[in-house]
Amino acid sequence: MTEEEAKVETMYLKELDVVQARTVILMRALRLFYSALGGFASSAVVSLLGALMVVYIQGPFVSVVESIAVLVGLAGVWSLITGCYLLARESRLAVAVLQEQSVHVHERVAARIKEAKTSEKMRK
């Protein structure tokens, strides 16, 4: 294996590690977004039940239902914020890999151009 091939293999292994990390981050973000959607939907349903109970039932049970609605809504907001943070982190990883690939491609192209110019001078 040449030095250039070893560099390429090393780059591929680094990319594989980053892709695996990105996959884990994306799965966590998706899970959080699904939790947020479920939390908001549950919060809306519980709030509607609480509003109906105020009309028909008075007492501490209504306060419990209202508290549950607020807690579920807050959980949905927390999931949404955390999911957004994870997606931003994943984007940074993706950009870092693209920059590394770009540098590698530029180096390879520059080396090939230099090699072509050197061989052209030798032919003259």
# chains A, B, ... in the order shown; residues from 1 in each chain; ligands from 1
$ residues_around --residues "region 102-110 of chain A" --least-positions-apart "5" --cutoff "9 Å" --atoms "only C-alpha atoms" --output "list in words"
Glu4, Val8, Met11, Val97 and Glu115 of chain A
$ write_last_selection --atoms "C-alpha atoms" --output "mmCIF file, in the first residue's frame"
data_model
loop_
_atom_site.group_PDB
_atom_site.id
_atom_site.type_symbol
_atom_site.label_atom_id
_atom_site.label_comp_id
_atom_site.auth_asym_id
_atom_site.auth_seq_id
_atom_site.Cartn_x
_atom_site.Cartn_y
_atom_site.Cartn_z
ATOM 1 C CA GLU A 4 -1.338 8.001 -0.623
ATOM 2 C CA VAL A 8 -7.113 7.676 1.840
ATOM 3 C CA MET A 11 -9.557 9.355 5.899
ATOM 4 C CA VAL A 97 -16.097 16.199 7.363
ATOM 5 C CA GLU A 115 3.426 15.654 -11.168
#
$ closest_residue --among "A:Ile57, A:Ala44, A:Ala94, A:Ala88" --to "Ala29 (chain A)" --atoms "only C-alpha atoms"
A:Ala88
$ residues_around --residues "region 58-75 of chain A" --least-positions-apart "3" --cutoff "7 Å" --atoms "only C-alpha atoms" --output "JSON, numbers by chain"
{"A": [39, 40, 42, 43, 46, 47, 50, 53, 54, 78, 79]}
$ closest_residue --among "A:Leu86, A:Ile81, A:Glu3, A:Tyr34" --to "Ala21 (chain A)" --atoms "only C-alpha atoms"
A:Leu86
$ closest_residue --among "A:Lys121, A:Thr82, A:Thr2, A:Lys7" --to "Gln101 (chain A)" --atoms "only C-alpha atoms"
A:Lys7
$ atom_distance --atom1 "CA of Ile25 (chain A)" --atom2 "CA of Gly83 (chain A)"
9.1 Å
$ closest_residue --among "A:Glu90, A:Ala111, A:Val95, A:Arg123" --to "Met27 (chain A)" --atoms "only C-alpha atoms"
A:Glu90
$ residues_around --residues "Val18 (chain A)" --least-positions-apart "4" --cutoff "8 Å" --atoms "only C-alpha atoms" --output "PyMOL selection string"
chain A and resi 14+22+93+97
$ write_last_selection --atoms "C-alpha atoms" --output "mmCIF file, in the first residue's frame"
data_model
loop_
_atom_site.group_PDB
_atom_site.id
_atom_site.type_symbol
_atom_site.label_atom_id
_atom_site.label_comp_id
_atom_site.auth_asym_id
_atom_site.auth_seq_id
_atom_site.Cartn_x
_atom_site.Cartn_y
_atom_site.Cartn_z
ATOM 1 C CA LYS A 14 -12.276 8.826 10.193
ATOM 2 C CA ARG A 22 -23.879 11.633 13.205
ATOM 3 C CA LEU A 93 -19.880 17.421 12.274
ATOM 4 C CA VAL A 97 -16.097 16.199 7.363
#
$ atom_distance --atom1 "CA of Asp17 (chain A)" --atom2 "CA of Glu100 (chain A)"
13.6 Å
$ atom_distance --atom1 "CA of Ala36 (chain A)" --atom2 "CA of Leu52 (chain A)"
24.2 Å
$ decode --residues "region 59-97 of chain A" --atoms "N, CA and C atoms" --output "PDB file, in the first residue's frame"
ATOM      1  N   GLY A  59     -63.026  21.471  42.037  1.00  0.00           N
ATOM      2  CA  GLY A  59     -62.242  20.840  43.089  1.00  0.00           C
ATOM      3  C   GLY A  59     -60.796  20.617  42.706  1.00  0.00           C
ATOM      4  N   PRO A  60     -60.090  19.890  43.528  1.00  0.00           N
ATOM      5  CA  PRO A  60     -58.647  19.699  43.346  1.00  0.00           C
ATOM      6  C   PRO A  60     -58.296  18.849  42.121  1.00  0.00           C
ATOM      7  N   PHE A  61     -59.202  18.003  41.664  1.00  0.00           N
ATOM      8  CA  PHE A  61     -58.924  17.165  40.499  1.00  0.00           C
ATOM      9  C   PHE A  61     -58.633  18.017  39.267  1.00  0.00           C
ATOM     10  N   VAL A  62     -59.327  19.146  39.132  1.00  0.00           N
ATOM     11  CA  VAL A  62     -59.106  20.049  38.000  1.00  0.00           C
ATOM     12  C   VAL A  62     -57.696  20.626  38.063  1.00  0.00           C
ATOM     13  N   SER A  63     -57.246  20.996  39.243  1.00  0.00           N
ATOM     14  CA  SER A  63     -55.883  21.531  39.398  1.00  0.00           C
ATOM     15  C   SER A  63     -54.832  20.495  39.016  1.00  0.00           C
ATOM     16  N   VAL A  64     -55.087  19.241  39.348  1.00  0.00           N
ATOM     17  CA  VAL A  64     -54.156  18.160  38.991  1.00  0.00           C
ATOM     18  C   VAL A  64     -54.075  18.020  37.474  1.00  0.00           C
ATOM     19  N   VAL A  65     -55.216  18.044  36.815  1.00  0.00           N
ATOM     20  CA  VAL A  65     -55.239  17.924  35.352  1.00  0.00           C
ATOM     21  C   VAL A  65     -54.531  19.113  34.706  1.00  0.00           C
ATOM     22  N   GLU A  66     -54.749  20.307  35.224  1.00  0.00           N
ATOM     23  CA  GLU A  66     -54.066  21.493  34.696  1.00  0.00           C
ATOM     24  C   GLU A  66     -52.557  21.377  34.886  1.00  0.00           C
ATOM     25  N   SER A  67     -52.127  20.879  36.029  1.00  0.00           N
ATOM     26  CA  SER A  67     -50.695  20.703  36.296  1.00  0.00           C
ATOM     27  C   SER A  67     -50.081  19.692  35.337  1.00  0.00           C
ATOM     28  N   ILE A  68     -50.812  18.611  35.084  1.00  0.00           N
ATOM     29  CA  ILE A  68     -50.328  17.601  34.134  1.00  0.00           C
ATOM     30  C   ILE A  68     -50.177  18.214  32.748  1.00  0.00           C
ATOM     31  N   ALA A  69     -51.133  19.027  32.319  1.00  0.00           N
ATOM     32  CA  ALA A  69     -51.068  19.668  31.007  1.00  0.00           C
ATOM     33  C   ALA A  69     -49.832  20.556  30.909  1.00  0.00           C
ATOM     34  N   VAL A  70     -49.563  21.326  31.950  1.00  0.00           N
ATOM     35  CA  VAL A  70     -48.394  22.214  31.941  1.00  0.00           C
ATOM     36  C   VAL A  70     -47.110  21.397  31.901  1.00  0.00           C
ATOM     37  N   LEU A  71     -47.010  20.352  32.703  1.00  0.00           N
ATOM     38  CA  LEU A  71     -45.800  19.527  32.733  1.00  0.00           C
ATOM     39  C   LEU A  71     -45.539  18.834  31.396  1.00  0.00           C
ATOM     40  N   VAL A  72     -46.589  18.300  30.794  1.00  0.00           N
ATOM     41  CA  VAL A  72     -46.434  17.639  29.504  1.00  0.00           C
ATOM     42  C   VAL A  72     -46.037  18.656  28.430  1.00  0.00           C
ATOM     43  N   GLY A  73     -46.614  19.844  28.477  1.00  0.00           N
ATOM     44  CA  GLY A  73     -46.235  20.898  27.540  1.00  0.00           C
ATOM     45  C   GLY A  73     -44.786  21.315  27.709  1.00  0.00           C
ATOM     46  N   LEU A  74     -44.335  21.439  28.969  1.00  0.00           N
ATOM     47  CA  LEU A  74     -42.931  21.778  29.222  1.00  0.00           C
ATOM     48  C   LEU A  74     -41.990  20.681  28.735  1.00  0.00           C
ATOM     49  N   ALA A  75     -42.394  19.437  28.898  1.00  0.00           N
ATOM     50  CA  ALA A  75     -41.580  18.327  28.389  1.00  0.00           C
ATOM     51  C   ALA A  75     -41.466  18.406  26.864  1.00  0.00           C
ATOM     52  N   GLY A  76     -42.560  18.773  26.209  1.00  0.00           N
ATOM     53  CA  GLY A  76     -42.523  18.942  24.754  1.00  0.00           C
ATOM     54  C   GLY A  76     -41.583  20.058  24.335  1.00  0.00           C
ATOM     55  N   VAL A  77     -41.612  21.170  25.043  1.00  0.00           N
ATOM     56  CA  VAL A  77     -40.711  22.296  24.736  1.00  0.00           C
ATOM     57  C   VAL A  77     -39.264  21.876  24.963  1.00  0.00           C
ATOM     58  N   TRP A  78     -38.994  21.188  26.075  1.00  0.00           N
ATOM     59  CA  TRP A  78     -37.633  20.737  26.365  1.00  0.00           C
ATOM     60  C   TRP A  78     -37.137  19.795  25.263  1.00  0.00           C
ATOM     61  N   SER A  79     -37.979  18.875  24.815  1.00  0.00           N
ATOM     62  CA  SER A  79     -37.597  17.941  23.752  1.00  0.00           C
ATOM     63  C   SER A  79     -37.293  18.683  22.455  1.00  0.00           C
ATOM     64  N   LEU A  80     -38.098  19.673  22.148  1.00  0.00           N
ATOM     65  CA  LEU A  80     -37.885  20.447  20.925  1.00  0.00           C
ATOM     66  C   LEU A  80     -36.566  21.214  20.978  1.00  0.00           C
ATOM     67  N   ILE A  81     -36.286  21.856  22.081  1.00  0.00           N
ATOM     68  CA  ILE A  81     -35.034  22.619  22.223  1.00  0.00           C
ATOM     69  C   ILE A  81     -33.829  21.689  22.154  1.00  0.00           C
ATOM     70  N   THR A  82     -33.896  20.557  22.838  1.00  0.00           N
ATOM     71  CA  THR A  82     -32.781  19.616  22.829  1.00  0.00           C
ATOM     72  C   THR A  82     -32.578  19.019  21.435  1.00  0.00           C
ATOM     73  N   GLY A  83     -33.663  18.711  20.752  1.00  0.00           N
ATOM     74  CA  GLY A  83     -33.559  18.201  19.384  1.00  0.00           C
ATOM     75  C   GLY A  83     -32.908  19.206  18.455  1.00  0.00           C
ATOM     76  N   CYS A  84     -33.258  20.472  18.598  1.00  0.00           N
ATOM     77  CA  CYS A  84     -32.635  21.516  17.779  1.00  0.00           C
ATOM     78  C   CYS A  84     -31.139  21.606  18.063  1.00  0.00           C
ATOM     79  N   TYR A  85     -30.765  21.510  19.333  1.00  0.00           N
ATOM     80  CA  TYR A  85     -29.346  21.539  19.701  1.00  0.00           C
ATOM     81  C   TYR A  85     -28.601  20.367  19.047  1.00  0.00           C
ATOM     82  N   LEU A  86     -29.194  19.173  19.102  1.00  0.00           N
ATOM     83  CA  LEU A  86     -28.542  18.006  18.510  1.00  0.00           C
ATOM     84  C   LEU A  86     -28.392  18.151  16.998  1.00  0.00           C
ATOM     85  N   LEU A  87     -29.392  18.706  16.332  1.00  0.00           N
ATOM     86  CA  LEU A  87     -29.280  18.906  14.886  1.00  0.00           C
ATOM     87  C   LEU A  87     -28.192  19.922  14.541  1.00  0.00           C
ATOM     88  N   ALA A  88     -28.060  20.958  15.366  1.00  0.00           N
ATOM     89  CA  ALA A  88     -26.979  21.926  15.144  1.00  0.00           C
ATOM     90  C   ALA A  88     -25.616  21.253  15.323  1.00  0.00           C
ATOM     91  N   ARG A  89     -25.505  20.396  16.329  1.00  0.00           N
ATOM     92  CA  ARG A  89     -24.249  19.670  16.563  1.00  0.00           C
ATOM     93  C   ARG A  89     -23.932  18.736  15.401  1.00  0.00           C
ATOM     94  N   GLU A  90     -24.946  18.049  14.899  1.00  0.00           N
ATOM     95  CA  GLU A  90     -24.757  17.149  13.768  1.00  0.00           C
ATOM     96  C   GLU A  90     -24.326  17.922  12.528  1.00  0.00           C
ATOM     97  N   SER A  91     -24.889  19.108  12.338  1.00  0.00           N
ATOM     98  CA  SER A  91     -24.511  19.935  11.185  1.00  0.00           C
ATOM     99  C   SER A  91     -23.047  20.334  11.255  1.00  0.00           C
ATOM    100  N   ARG A  92     -22.572  20.654  12.462  1.00  0.00           N
ATOM    101  CA  ARG A  92     -21.156  20.996  12.615  1.00  0.00           C
ATOM    102  C   ARG A  92     -20.270  19.809  12.240  1.00  0.00           C
ATOM    103  N   LEU A  93     -20.655  18.612  12.648  1.00  0.00           N
ATOM    104  CA  LEU A  93     -19.880  17.421  12.274  1.00  0.00           C
ATOM    105  C   LEU A  93     -19.862  17.229  10.760  1.00  0.00           C
ATOM    106  N   ALA A  94     -21.008  17.406  10.128  1.00  0.00           N
ATOM    107  CA  ALA A  94     -21.091  17.239   8.675  1.00  0.00           C
ATOM    108  C   ALA A  94     -20.202  18.240   7.956  1.00  0.00           C
ATOM    109  N   VAL A  95     -20.211  19.485   8.403  1.00  0.00           N
ATOM    110  CA  VAL A  95     -19.383  20.520   7.778  1.00  0.00           C
ATOM    111  C   VAL A  95     -17.905  20.216   7.979  1.00  0.00           C
ATOM    112  N   ALA A  96     -17.533  19.735   9.161  1.00  0.00           N
ATOM    113  CA  ALA A  96     -16.130  19.404   9.426  1.00  0.00           C
ATOM    114  C   ALA A  96     -15.645  18.299   8.491  1.00  0.00           C
ATOM    115  N   VAL A  97     -16.481  17.282   8.267  1.00  0.00           N
ATOM    116  CA  VAL A  97     -16.097  16.199   7.363  1.00  0.00           C
ATOM    117  C   VAL A  97     -15.964  16.723   5.938  1.00  0.00           C
TER     118      VAL A  97
END
